[in-house]
file start-v9.pdb (PDB, C-alpha atoms)
ATOM      1  CA  ILE A 158       0.000   0.000   0.000
ATOM      2  CA  LEU A 159       1.455   3.356  -1.030
ATOM      3  CA  ASN A 160       1.603   5.852   1.800
ATOM      4  CA  VAL A 161       1.899   9.614   1.675
ATOM      5  CA  GLU A 162       2.606  11.284   5.000
ATOM      6  CA  GLN A 163       2.297  14.957   5.826
ATOM      7  CA  SER A 164       3.530  16.725   8.914
ATOM      8  CA  PRO A 165       2.602  18.493  11.000
ATOM      9  CA  GLN A 166      -1.103  17.673  10.970
ATOM     10  CA  SER A 167      -1.924  21.252  11.996
ATOM     11  CA  LEU A 168      -0.060  24.435  12.634
ATOM     12  CA  HIS A 169      -0.927  27.782  14.149
ATOM     13  CA  VAL A 170       1.339  30.770  13.462
ATOM     14  CA  GLN A 171       1.240  34.525  13.874
ATOM     15  CA  GLU A 172       0.967  36.886  10.938
ATOM     16  CA  GLY A 173       4.410  37.537   9.520
ATOM     17  CA  ASP A 174       5.888  34.210  10.638
ATOM     18  CA  SER A 175       7.457  31.961   8.059
ATOM     19  CA  THR A 176       6.599  28.279   8.150
ATOM     20  CA  ASN A 177       7.138  25.012   6.358
ATOM     21  CA  PHE A 178       5.488  21.611   6.038
ATOM     22  CA  THR A 179       6.751  18.221   4.987
ATOM     23  CA  CYS A 180       5.380  15.629   2.593
ATOM     24  CA  SER A 181       6.987  12.201   2.374
ATOM     25  CA  PHE A 182       6.153   9.747  -0.374
ATOM     26  CA  PRO A 183       7.413   6.487  -1.894
ATOM     27  CA  SER A 184      10.695   6.986  -3.721
ATOM     28  CA  SER A 185       9.973   4.342  -6.376
ATOM     29  CA  ASN A 186       7.928   4.748  -9.569
ATOM     30  CA  PHE A 187       7.800   8.501  -9.152
ATOM     31  CA  TYR A 188       6.002  10.531 -11.817
ATOM     32  CA  ALA A 189       5.112  13.823 -10.102
ATOM     33  CA  LEU A 190       4.316  15.412  -6.754
ATOM     34  CA  HIS A 191       1.390  17.809  -6.494
ATOM     35  CA  TRP A 192       0.722  20.474  -3.864
ATOM     36  CA  TYR A 193      -2.770  21.841  -3.355
ATOM     37  CA  ARG A 194      -4.221  24.569  -1.183
ATOM     38  CA  TRP A 195      -7.729  23.794   0.048
ATOM     39  CA  GLU A 196     -10.013  26.315   1.676
ATOM     40  CA  THR A 197     -13.274  25.222   3.254
ATOM     41  CA  ALA A 198     -16.199  24.999   0.795
ATOM     42  CA  LYS A 199     -13.930  25.595  -2.189
ATOM     43  CA  SER A 200     -12.191  23.384  -4.711
ATOM     44  CA  PRO A 201      -8.607  22.407  -3.937
ATOM     45  CA  GLU A 202      -6.401  24.855  -5.783
ATOM     46  CA  ALA A 203      -3.321  23.528  -7.524
ATOM     47  CA  LEU A 204      -0.144  25.205  -6.285
ATOM     48  CA  PHE A 205       2.665  23.204  -7.838
ATOM     49  CA  VAL A 206       3.324  20.143  -9.937
ATOM     50  CA  MET A 207       6.878  18.990  -9.357
ATOM     51  CA  THR A 208       8.556  16.384 -11.481
ATOM     52  CA  LEU A 209      12.331  16.689 -11.301
ATOM     53  CA  ASN A 210      14.607  15.790  -8.410
ATOM     54  CA  GLY A 211      15.999  18.987  -6.952
ATOM     55  CA  ASP A 212      13.156  21.006  -8.423
ATOM     56  CA  GLU A 213      12.306  24.229  -6.637
ATOM     57  CA  LYS A 214       9.150  26.174  -7.522
ATOM     58  CA  LYS A 215       7.852  29.492  -6.291
ATOM     59  CA  LYS A 216       4.524  31.272  -6.407
ATOM     60  CA  GLY A 217       4.535  34.585  -4.566
ATOM     61  CA  ARG A 218       5.405  33.893  -0.927
ATOM     62  CA  ILE A 219       4.991  30.148  -1.318
ATOM     63  CA  SER A 220       7.738  27.864  -2.538
ATOM     64  CA  ALA A 221       8.366  24.136  -2.653
ATOM     65  CA  THR A 222      11.323  21.813  -3.043
ATOM     66  CA  LEU A 223      11.497  18.200  -4.153
ATOM     67  CA  ASN A 224      13.806  15.294  -3.360
ATOM     68  CA  THR A 225      12.706  12.210  -5.255
ATOM     69  CA  LYS A 226      15.666  10.071  -4.189
ATOM     70  CA  GLU A 227      14.737  10.243  -0.521
ATOM     71  CA  GLY A 228      11.022  10.770  -1.092
ATOM     72  CA  TYR A 229      10.181  14.138   0.426
ATOM     73  CA  SER A 230       8.992  17.599  -0.494
ATOM     74  CA  TYR A 231       8.888  20.765   1.585
ATOM     75  CA  LEU A 232       6.394  23.599   1.219
ATOM     76  CA  TYR A 233       7.487  26.976   2.565
ATOM     77  CA  ILE A 234       5.378  30.041   3.257
ATOM     78  CA  LYS A 235       7.269  33.264   3.871
ATOM     79  CA  GLY A 236       5.644  35.997   5.954
ATOM     80  CA  SER A 237       2.350  34.162   6.572
ATOM     81  CA  GLN A 238      -0.865  36.145   6.184
ATOM     82  CA  PRO A 239      -4.355  35.328   7.508
ATOM     83  CA  GLU A 240      -5.466  34.567   3.952
ATOM     84  CA  ASP A 241      -2.915  31.744   3.864
ATOM     85  CA  SER A 242      -5.077  29.859   6.378
ATOM     86  CA  ALA A 243      -6.109  26.648   4.630
ATOM     87  CA  THR A 244      -5.325  22.958   4.427
ATOM     88  CA  TYR A 245      -2.306  22.155   2.287
ATOM     89  CA  LEU A 246      -2.409  18.782   0.568
ATOM     90  CA  CYS A 247       0.343  16.932  -1.188
ATOM     91  CA  ALA A 248      -0.373  14.117  -3.615
ATOM     92  CA  PHE A 249       1.883  11.483  -5.114
ATOM     93  CA  ASP A 250       1.432  10.867  -8.813
ATOM     94  CA  GLN A 251       2.845   7.473  -9.669
ATOM     95  CA  ALA A 252       1.853   6.966 -13.246
ATOM     96  CA  GLY A 253       0.187  10.138 -14.465
ATOM     97  CA  THR A 254      -3.253   8.859 -13.478
ATOM     98  CA  ALA A 255      -4.949   9.052 -10.087
ATOM     99  CA  LEU A 256      -3.315  10.788  -7.139
ATOM    100  CA  ILE A 257      -2.484   9.389  -3.705
ATOM    101  CA  PHE A 258      -3.062  12.040  -1.090
ATOM    102  CA  GLY A 259      -1.664  12.765   2.336
ATOM    103  CA  LYS A 260      -4.041  13.830   5.105
ATOM    104  CA  GLY A 261      -2.985  17.432   4.775
ATOM    105  CA  THR A 262      -1.523  20.121   7.007
ATOM    106  CA  THR A 263      -4.030  22.641   8.298
ATOM    107  CA  LEU A 264      -2.508  26.086   8.712
ATOM    108  CA  SER A 265      -4.094  28.788  10.801
ATOM    109  CA  VAL A 266      -2.598  32.288  10.699
ATOM    110  CA  SER A 267      -3.600  34.805  13.368
ATOM    111  CA  SER A 268      -3.431  38.536  12.802
TER
ATOM    112  CA  GLY B 130      -6.876  27.567 -14.528
ATOM    113  CA  ALA B 131      -9.460  25.039 -15.613
ATOM    114  CA  VAL B 132     -12.756  24.829 -13.747
ATOM    115  CA  VAL B 133     -14.570  21.755 -12.523
ATOM    116  CA  SER B 134     -18.035  22.081 -11.067
ATOM    117  CA  GLN B 135     -19.823  19.611  -8.853
ATOM    118  CA  HIS B 136     -23.490  19.449  -7.946
ATOM    119  CA  PRO B 137     -25.026  19.333  -5.437
ATOM    120  CA  SER B 138     -22.650  20.792  -2.859
ATOM    121  CA  TRP B 139     -24.514  19.035  -0.069
ATOM    122  CA  VAL B 140     -27.370  16.576   0.148
ATOM    123  CA  ILE B 141     -29.299  14.876   2.924
ATOM    124  CA  CYS B 142     -31.192  11.732   2.025
ATOM    125  CA  LYS B 143     -33.008   8.936   3.765
ATOM    126  CA  SER B 144     -31.553   5.488   4.119
ATOM    127  CA  GLY B 145     -32.440   3.302   1.145
ATOM    128  CA  THR B 146     -32.724   6.097  -1.393
ATOM    129  CA  SER B 147     -30.320   6.868  -4.225
ATOM    130  CA  VAL B 148     -28.358  10.065  -4.763
ATOM    131  CA  LYS B 149     -26.758  11.310  -7.971
ATOM    132  CA  ILE B 150     -23.732  13.628  -7.939
ATOM    133  CA  GLU B 151     -22.644  15.427 -11.105
ATOM    134  CA  CYS B 152     -19.123  16.469 -12.020
ATOM    135  CA  ARG B 153     -18.552  18.757 -14.985
ATOM    136  CA  SER B 154     -15.429  20.143 -16.607
ATOM    137  CA  LEU B 155     -16.555  23.615 -17.663
ATOM    138  CA  ASP B 156     -13.845  24.833 -19.996
ATOM    139  CA  PHE B 157     -11.965  21.741 -21.082
ATOM    140  CA  GLN B 158     -12.653  18.185 -22.173
ATOM    141  CA  ALA B 159     -11.786  15.349 -19.857
ATOM    142  CA  THR B 160     -11.603  11.807 -21.125
ATOM    143  CA  THR B 161     -10.800  10.703 -17.589
ATOM    144  CA  MET B 162     -12.305  11.860 -14.332
ATOM    145  CA  PHE B 163     -11.675  10.592 -10.837
ATOM    146  CA  TRP B 164     -13.972  10.161  -7.855
ATOM    147  CA  TYR B 165     -12.587  10.444  -4.336
ATOM    148  CA  ARG B 166     -14.144  10.078  -0.916
ATOM    149  CA  GLN B 167     -12.966  11.594   2.347
ATOM    150  CA  PHE B 168     -13.987  10.482   5.824
ATOM    151  CA  PRO B 169     -13.307  12.791   8.786
ATOM    152  CA  LYS B 170      -9.618  13.272   9.525
ATOM    153  CA  GLN B 171      -8.661  10.978   6.670
ATOM    154  CA  SER B 172      -7.014  11.437   3.285
ATOM    155  CA  LEU B 173      -8.876  11.813   0.050
ATOM    156  CA  MET B 174      -9.200   8.207  -1.094
ATOM    157  CA  LEU B 175      -9.658   7.263  -4.730
ATOM    158  CA  MET B 176     -12.879   5.366  -5.337
ATOM    159  CA  ALA B 177     -12.881   4.969  -9.081
ATOM    160  CA  THR B 178     -11.565   6.216 -12.381
ATOM    161  CA  SER B 179     -14.254   7.272 -14.810
ATOM    162  CA  ASN B 180     -13.495   6.848 -18.518
ATOM    163  CA  GLU B 181     -15.568   8.544 -21.187
ATOM    164  CA  GLY B 182     -17.481   6.002 -23.226
ATOM    165  CA  SER B 183     -16.383   2.970 -21.242
ATOM    166  CA  LYS B 184     -16.777   1.314 -17.863
ATOM    167  CA  ALA B 185     -15.300   2.865 -14.774
ATOM    168  CA  THR B 186     -12.380   1.257 -13.001
ATOM    169  CA  TYR B 187     -13.048   0.766  -9.292
ATOM    170  CA  GLU B 188     -10.505   0.605  -6.497
ATOM    171  CA  GLN B 189     -10.339  -2.442  -4.309
ATOM    172  CA  GLY B 190     -13.067  -2.464  -1.706
ATOM    173  CA  VAL B 191     -15.391  -0.107  -3.591
ATOM    174  CA  GLU B 192     -18.641  -1.785  -4.649
ATOM    175  CA  LYS B 193     -19.332  -1.039  -8.285
ATOM    176  CA  ASP B 194     -23.016  -1.933  -7.953
ATOM    177  CA  LYS B 195     -23.421   0.528  -5.120
ATOM    178  CA  PHE B 196     -21.459   3.411  -6.600
ATOM    179  CA  LEU B 197     -22.601   3.672 -10.207
ATOM    180  CA  ILE B 198     -20.433   5.842 -12.426
ATOM    181  CA  ASN B 199     -21.448   7.108 -15.837
ATOM    182  CA  HIS B 200     -19.145   9.192 -18.038
ATOM    183  CA  ALA B 201     -21.380   9.818 -21.030
ATOM    184  CA  SER B 202     -19.620  12.859 -22.450
ATOM    185  CA  LEU B 203     -16.230  14.536 -22.378
ATOM    186  CA  THR B 204     -17.440  17.084 -19.851
ATOM    187  CA  LEU B 205     -19.728  15.134 -17.529
ATOM    188  CA  SER B 206     -19.313  12.244 -15.120
ATOM    189  CA  THR B 207     -21.946  11.195 -12.606
ATOM    190  CA  LEU B 208     -21.687   9.166  -9.424
ATOM    191  CA  THR B 209     -24.874   7.566  -8.133
ATOM    192  CA  VAL B 210     -24.896   6.212  -4.606
ATOM    193  CA  THR B 211     -27.581   3.540  -4.713
ATOM    194  CA  SER B 212     -29.559   2.390  -1.681
ATOM    195  CA  ALA B 213     -27.602   4.740   0.521
ATOM    196  CA  HIS B 214     -26.911   3.841   4.127
ATOM    197  CA  PRO B 215     -25.642   5.997   6.997
ATOM    198  CA  GLU B 216     -22.135   4.549   6.556
ATOM    199  CA  ASP B 217     -22.083   6.107   3.063
ATOM    200  CA  SER B 218     -22.215   9.543   4.673
ATOM    201  CA  SER B 219     -19.016  11.197   3.564
ATOM    202  CA  PHE B 220     -17.471  13.939   1.450
ATOM    203  CA  TYR B 221     -17.319  13.033  -2.245
ATOM    204  CA  ILE B 222     -15.109  15.009  -4.630
ATOM    205  CA  CYS B 223     -14.325  14.624  -8.299
ATOM    206  CA  SER B 224     -11.361  15.689 -10.385
ATOM    207  CA  ALA B 225     -10.451  15.854 -14.048
ATOM    208  CA  ARG B 226      -7.029  15.740 -15.546
ATOM    209  CA  GLY B 227      -6.024  18.568 -17.855
ATOM    210  CA  GLY B 228      -2.448  18.220 -19.051
ATOM    211  CA  SER B 229      -0.159  17.585 -16.070
ATOM    212  CA  GLN B 230      -2.656  19.046 -13.613
ATOM    213  CA  GLN B 231      -5.679  17.578 -11.895
ATOM    214  CA  TYR B 232      -8.489  20.022 -11.318
ATOM    215  CA  PHE B 233     -10.975  19.420  -8.559
ATOM    216  CA  GLY B 234     -14.615  20.217  -8.019
ATOM    217  CA  PRO B 235     -15.682  21.738  -4.701
ATOM    218  CA  GLY B 236     -17.052  18.434  -3.401
ATOM    219  CA  THR B 237     -20.399  17.105  -2.189
ATOM    220  CA  ARG B 238     -21.223  16.493   1.457
ATOM    221  CA  LEU B 239     -23.605  13.504   1.644
ATOM    222  CA  THR B 240     -25.493  12.783   4.836
ATOM    223  CA  VAL B 241     -27.677   9.685   4.978
ATOM    224  CA  THR B 242     -30.208   9.622   7.801
TER
END

call {"tool": "encode", "arguments": {"input": "start-v9.pdb", "output": "structure tokens"}}
result
Amino acid sequence: ILNVEQSPQSLHVQEGDSTNFTCSFPSSNFYALHWYRWETAKSPEALFVMTLNGDEKKKGRISATLNTKEGYSYLYIKGSQPEDSATYLCAFDQAGTALIFGKGTTLSVSS
Amino acid sequence: GAVVSQHPSWVICKSGTSVKIECRSLDFQATTMFWYRQFPKQSLMLMATSNEGSKATYEQGVEKDKFLINHASLTLSTLTVTSAHPEDSSFYICSARGGSQQYFGPGTRLTVT
């Protein structure tokens, strides 16, 4: 059974703090690693699709890194804002078909 | 980005009735759509892969006669929960692949009483 683990499960930070989460996934048969941002009552929003070992992607204050050899990805948020409050999901894409999700990290940012 | 809609967003039904959930890709064609289910504090779990014009592929442990999937066009897949029971109460969400991305609908909260 393929397992995708995310840590921490939840996180509460103050506005302006920088933070990061971890996603670990199987290191074999890797195709891609997806990060999503999911706000309540909305569709999960795609943040990054990462395919290459050593890849680093950035979108505004959010960035992500990928290590396929050891099976982990980090998501960083610089200078957290209240609007960053959401659940962040990572998903392992083994063969370009369905995704295997972690349970998510729920971020709460206080102003 | 591409948009996927899902309807209804929530539904309450009585035990023994059937419920249909629609998933539409609004601005792109999707030959393949996916149906996931999420129980509280759990991951999104793949239920089935819906293929346009052919039978769906179900994951192990998912009853195909209970969760009927129809993908009749390139923009619409439906999931029907037949003879629903309280244990079917869950959050159901669909996705469609567009290029390297998967785009998700907003999900349907099903409560069976």

call {"tool": "closest_residue", "arguments": {"input": "start-v9.pdb", "among": "B:Ala159, B:Leu208, B:Ala177, B:Cys142", "to": "chain A", "atoms": "all atoms listed in the file"}}
result
B:Ala177

call {"tool": "closest_residue", "arguments": {"input": "start-v9.pdb", "among": "A:Ser268, A:Ser230, A:Ser200, A:Thr263", "to": "Ile222 in chain B", "atoms": "only C-alpha atoms"}}
result
A:Ser200

call {"tool": "closest_residue", "arguments": {"input": "start-v9.pdb", "among": "B:Met174, B:Ser154, B:Phe233, B:Thr240", "to": "Trp195 in chain A", "atoms": "only C-alpha atoms"}}
result
B:Phe233

call {"tool": "closest_atom_pairs", "arguments": {"input": "start-v9.pdb", "of": "chain B", "to": "chain A", "cutoff": "10 Å", "atoms": "only C-alpha atoms", "output": "CSV"}}
result
residue,atom,partner,partner_atom,distance
B:Gly130,CA,A:Ala203,CA,8.8
B:Val132,CA,A:Ser200,CA,9.2
B:Val133,CA,A:Ser200,CA,8.3
B:Ser134,CA,A:Ser200,CA,8.7
B:Gln135,CA,A:Ser200,CA,9.5
B:Ser138,CA,A:Ala198,CA,8.5
B:Thr161,CA,A:Thr254,CA,8.8
B:Met162,CA,A:Ala255,CA,8.9
B:Phe163,CA,A:Ala255,CA,6.9
B:Trp164,CA,A:Ala255,CA,9.4
B:Tyr165,CA,A:Ala255,CA,9.7
B:Gln167,CA,A:Lys260,CA,9.6
B:Lys170,CA,A:Lys260,CA,7.1
B:Gln171,CA,A:Lys260,CA,5.7
B:Ser172,CA,A:Lys260,CA,4.2
B:Leu173,CA,A:Phe258,CA,5.9
B:Met174,CA,A:Phe258,CA,7.2
B:Leu175,CA,A:Ala255,CA,7.4
B:Met176,CA,A:Ala255,CA,10.0
B:Ala177,CA,A:Ala255,CA,9.0
B:Thr178,CA,A:Ala255,CA,7.6
B:Ile222,CA,A:Ser200,CA,8.9
B:Cys223,CA,A:Ser200,CA,9.7
B:Ser224,CA,A:Ala255,CA,9.2
B:Ala225,CA,A:Ala255,CA,9.6
B:Arg226,CA,A:Thr254,CA,8.1
B:Gly228,CA,A:Gly253,CA,9.7
B:Ser229,CA,A:Val206,CA,7.5
B:Gln230,CA,A:Val206,CA,7.1
B:Gln231,CA,A:Ala203,CA,7.8
B:Tyr232,CA,A:Ala203,CA,7.3
B:Phe233,CA,A:Ser200,CA,5.7
B:Gly234,CA,A:Ser200,CA,5.2
B:Pro235,CA,A:Ser200,CA,3.9
B:Gly236,CA,A:Ser200,CA,7.1
B:Thr237,CA,A:Ala198,CA,9.4
B:Arg238,CA,A:Ala198,CA,9.9

call {"tool": "resolve_selection", "arguments": {"input": "start-v9.pdb", "expression": "the PyMOL selection byres ((chain A and resi 241) around 9)", "output": "PDB file with C-alpha atoms, in the frame of the given file"}}
result
ATOM      1  CA  ARG A 194      -4.221  24.569  -1.183  1.00  0.00           C
ATOM      2  CA  ILE A 234       5.378  30.041   3.257  1.00  0.00           C
ATOM      3  CA  SER A 237       2.350  34.162   6.572  1.00  0.00           C
ATOM      4  CA  GLN A 238      -0.865  36.145   6.184  1.00  0.00           C
ATOM      5  CA  PRO A 239      -4.355  35.328   7.508  1.00  0.00           C
ATOM      6  CA  GLU A 240      -5.466  34.567   3.952  1.00  0.00           C
ATOM      7  CA  SER A 242      -5.077  29.859   6.378  1.00  0.00           C
ATOM      8  CA  ALA A 243      -6.109  26.648   4.630  1.00  0.00           C
ATOM      9  CA  LEU A 264      -2.508  26.086   8.712  1.00  0.00           C
ATOM     10  CA  SER A 265      -4.094  28.788  10.801  1.00  0.00           C
ATOM     11  CA  VAL A 266      -2.598  32.288  10.699  1.00  0.00           C
TER      12      VAL A 266
END

call {"tool": "resolve_selection", "arguments": {"input": "start-v9.pdb", "expression": "the PyMOL selection byres ((chain B and resi 145) around 9)", "output": "PDB file with C-alpha atoms, in the frame of the given file"}}
result
ATOM      1  CA  CYS B 142     -31.192  11.732   2.025  1.00  0.00           C
ATOM      2  CA  LYS B 143     -33.008   8.936   3.765  1.00  0.00           C
ATOM      3  CA  SER B 144     -31.553   5.488   4.119  1.00  0.00           C
ATOM      4  CA  THR B 146     -32.724   6.097  -1.393  1.00  0.00           C
ATOM      5  CA  SER B 147     -30.320   6.868  -4.225  1.00  0.00           C
ATOM      6  CA  THR B 211     -27.581   3.540  -4.713  1.00  0.00           C
ATOM      7  CA  SER B 212     -29.559   2.390  -1.681  1.00  0.00           C
ATOM      8  CA  ALA B 213     -27.602   4.740   0.521  1.00  0.00           C
ATOM      9  CA  HIS B 214     -26.911   3.841   4.127  1.00  0.00           C
ATOM     10  CA  VAL B 241     -27.677   9.685   4.978  1.00  0.00           C
TER      11      VAL B 241
END

call {"tool": "atom_distance", "arguments": {"input": "start-v9.pdb", "atom1": "CA of Ser167 in chain A", "atom2": "CA of Phe249 in chain A"}}
result
20.1 Å

call {"tool": "atom_distance", "arguments": {"input": "start-v9.pdb", "atom1": "CA of Leu190 in chain A", "atom2": "CA of Thr222 in chain A"}}
result
10.2 Å

call {"tool": "closest_residue", "arguments": {"input": "start-v9.pdb", "among": "B:Arg153, B:Lys193, B:Arg166, B:His200", "to": "Asp217 in chain B", "atoms": "all atoms listed in the file"}}
result
B:Arg166

call {"tool": "decode", "arguments": {"input": "start-v9.pdb", "residues": "range 143-237 of chain B", "atoms": "C-alpha atoms", "output": "PDB file, in the first residue's frame"}}
result
ATOM      1  CA  LYS B 143     -33.008   8.936   3.765  1.00  0.00           C
ATOM      2  CA  SER B 144     -31.553   5.488   4.119  1.00  0.00           C
ATOM      3  CA  GLY B 145     -32.440   3.302   1.145  1.00  0.00           C
ATOM      4  CA  THR B 146     -32.724   6.097  -1.393  1.00  0.00           C
ATOM      5  CA  SER B 147     -30.320   6.868  -4.225  1.00  0.00           C
ATOM      6  CA  VAL B 148     -28.358  10.065  -4.763  1.00  0.00           C
ATOM      7  CA  LYS B 149     -26.758  11.310  -7.971  1.00  0.00           C
ATOM      8  CA  ILE B 150     -23.732  13.628  -7.939  1.00  0.00           C
ATOM      9  CA  GLU B 151     -22.644  15.427 -11.105  1.00  0.00           C
ATOM     10  CA  CYS B 152     -19.123  16.469 -12.020  1.00  0.00           C
ATOM     11  CA  ARG B 153     -18.552  18.757 -14.985  1.00  0.00           C
ATOM     12  CA  SER B 154     -15.429  20.143 -16.607  1.00  0.00           C
ATOM     13  CA  LEU B 155     -16.555  23.615 -17.663  1.00  0.00           C
ATOM     14  CA  ASP B 156     -13.845  24.833 -19.996  1.00  0.00           C
ATOM     15  CA  PHE B 157     -11.965  21.741 -21.082  1.00  0.00           C
ATOM     16  CA  GLN B 158     -12.653  18.185 -22.173  1.00  0.00           C
ATOM     17  CA  ALA B 159     -11.786  15.349 -19.857  1.00  0.00           C
ATOM     18  CA  THR B 160     -11.603  11.807 -21.125  1.00  0.00           C
ATOM     19  CA  THR B 161     -10.800  10.703 -17.589  1.00  0.00           C
ATOM     20  CA  MET B 162     -12.305  11.860 -14.332  1.00  0.00           C
ATOM     21  CA  PHE B 163     -11.675  10.592 -10.837  1.00  0.00           C
ATOM     22  CA  TRP B 164     -13.972  10.161  -7.855  1.00  0.00           C
ATOM     23  CA  TYR B 165     -12.587  10.444  -4.336  1.00  0.00           C
ATOM     24  CA  ARG B 166     -14.144  10.078  -0.916  1.00  0.00           C
ATOM     25  CA  GLN B 167     -12.966  11.594   2.347  1.00  0.00           C
ATOM     26  CA  PHE B 168     -13.987  10.482   5.824  1.00  0.00           C
ATOM     27  CA  PRO B 169     -13.307  12.791   8.786  1.00  0.00           C
ATOM     28  CA  LYS B 170      -9.618  13.272   9.525  1.00  0.00           C
ATOM     29  CA  GLN B 171      -8.661  10.978   6.670  1.00  0.00           C
ATOM     30  CA  SER B 172      -7.014  11.437   3.285  1.00  0.00           C
ATOM     31  CA  LEU B 173      -8.876  11.813   0.050  1.00  0.00           C
ATOM     32  CA  MET B 174      -9.200   8.207  -1.094  1.00  0.00           C
ATOM     33  CA  LEU B 175      -9.658   7.263  -4.730  1.00  0.00           C
ATOM     34  CA  MET B 176     -12.879   5.366  -5.337  1.00  0.00           C
ATOM     35  CA  ALA B 177     -12.881   4.969  -9.081  1.00  0.00           C
ATOM     36  CA  THR B 178     -11.565   6.216 -12.381  1.00  0.00           C
ATOM     37  CA  SER B 179     -14.254   7.272 -14.810  1.00  0.00           C
ATOM     38  CA  ASN B 180     -13.495   6.848 -18.518  1.00  0.00           C
ATOM     39  CA  GLU B 181     -15.568   8.544 -21.187  1.00  0.00           C
ATOM     40  CA  GLY B 182     -17.481   6.002 -23.226  1.00  0.00           C
ATOM     41  CA  SER B 183     -16.383   2.970 -21.242  1.00  0.00           C
ATOM     42  CA  LYS B 184     -16.777   1.314 -17.863  1.00  0.00           C
ATOM     43  CA  ALA B 185     -15.300   2.865 -14.774  1.00  0.00           C
ATOM     44  CA  THR B 186     -12.380   1.257 -13.001  1.00  0.00           C
ATOM     45  CA  TYR B 187     -13.048   0.766  -9.292  1.00  0.00           C
ATOM     46  CA  GLU B 188     -10.505   0.605  -6.497  1.00  0.00           C
ATOM     47  CA  GLN B 189     -10.339  -2.442  -4.309  1.00  0.00           C
ATOM     48  CA  GLY B 190     -13.067  -2.464  -1.706  1.00  0.00           C
ATOM     49  CA  VAL B 191     -15.391  -0.107  -3.591  1.00  0.00           C
ATOM     50  CA  GLU B 192     -18.641  -1.785  -4.649  1.00  0.00           C
ATOM     51  CA  LYS B 193     -19.332  -1.039  -8.285  1.00  0.00           C
ATOM     52  CA  ASP B 194     -23.016  -1.933  -7.953  1.00  0.00           C
ATOM     53  CA  LYS B 195     -23.421   0.528  -5.120  1.00  0.00           C
ATOM     54  CA  PHE B 196     -21.459   3.411  -6.600  1.00  0.00           C
ATOM     55  CA  LEU B 197     -22.601   3.672 -10.207  1.00  0.00           C
ATOM     56  CA  ILE B 198     -20.433   5.842 -12.426  1.00  0.00           C
ATOM     57  CA  ASN B 199     -21.448   7.108 -15.837  1.00  0.00           C
ATOM     58  CA  HIS B 200     -19.145   9.192 -18.038  1.00  0.00           C
ATOM     59  CA  ALA B 201     -21.380   9.818 -21.030  1.00  0.00           C
ATOM     60  CA  SER B 202     -19.620  12.859 -22.450  1.00  0.00           C
ATOM     61  CA  LEU B 203     -16.230  14.536 -22.378  1.00  0.00           C
ATOM     62  CA  THR B 204     -17.440  17.084 -19.851  1.00  0.00           C
ATOM     63  CA  LEU B 205     -19.728  15.134 -17.529  1.00  0.00           C
ATOM     64  CA  SER B 206     -19.313  12.244 -15.120  1.00  0.00           C
ATOM     65  CA  THR B 207     -21.946  11.195 -12.606  1.00  0.00           C
ATOM     66  CA  LEU B 208     -21.687   9.166  -9.424  1.00  0.00           C
ATOM     67  CA  THR B 209     -24.874   7.566  -8.133  1.00  0.00           C
ATOM     68  CA  VAL B 210     -24.896   6.212  -4.606  1.00  0.00           C
ATOM     69  CA  THR B 211     -27.581   3.540  -4.713  1.00  0.00           C
ATOM     70  CA  SER B 212     -29.559   2.390  -1.681  1.00  0.00           C
ATOM     71  CA  ALA B 213     -27.602   4.740   0.521  1.00  0.00           C
ATOM     72  CA  HIS B 214     -26.911   3.841   4.127  1.00  0.00           C
ATOM     73  CA  PRO B 215     -25.642   5.997   6.997  1.00  0.00           C
ATOM     74  CA  GLU B 216     -22.135   4.549   6.556  1.00  0.00           C
ATOM     75  CA  ASP B 217     -22.083   6.107   3.063  1.00  0.00           C
ATOM     76  CA  SER B 218     -22.215   9.543   4.673  1.00  0.00           C
ATOM     77  CA  SER B 219     -19.016  11.197   3.564  1.00  0.00           C
ATOM     78  CA  PHE B 220     -17.471  13.939   1.450  1.00  0.00           C
ATOM     79  CA  TYR B 221     -17.319  13.033  -2.245  1.00  0.00           C
ATOM     80  CA  ILE B 222     -15.109  15.009  -4.630  1.00  0.00           C
ATOM     81  CA  CYS B 223     -14.325  14.624  -8.299  1.00  0.00           C
ATOM     82  CA  SER B 224     -11.361  15.689 -10.385  1.00  0.00           C
ATOM     83  CA  ALA B 225     -10.451  15.854 -14.048  1.00  0.00           C
ATOM     84  CA  ARG B 226      -7.029  15.740 -15.546  1.00  0.00           C
ATOM     85  CA  GLY B 227      -6.024  18.568 -17.855  1.00  0.00           C
ATOM     86  CA  GLY B 228      -2.448  18.220 -19.051  1.00  0.00           C
ATOM     87  CA  SER B 229      -0.159  17.585 -16.070  1.00  0.00           C
ATOM     88  CA  GLN B 230      -2.656  19.046 -13.613  1.00  0.00           C
ATOM     89  CA  GLN B 231      -5.679  17.578 -11.895  1.00  0.00           C
ATOM     90  CA  TYR B 232      -8.489  20.022 -11.318  1.00  0.00           C
ATOM     91  CA  PHE B 233     -10.975  19.420  -8.559  1.00  0.00           C
ATOM     92  CA  GLY B 234     -14.615  20.217  -8.019  1.00  0.00           C
ATOM     93  CA  PRO B 235     -15.682  21.738  -4.701  1.00  0.00           C
ATOM     94  CA  GLY B 236     -17.052  18.434  -3.401  1.00  0.00           C
ATOM     95  CA  THR B 237     -20.399  17.105  -2.189  1.00  0.00           C
TER      96      THR B 237
END
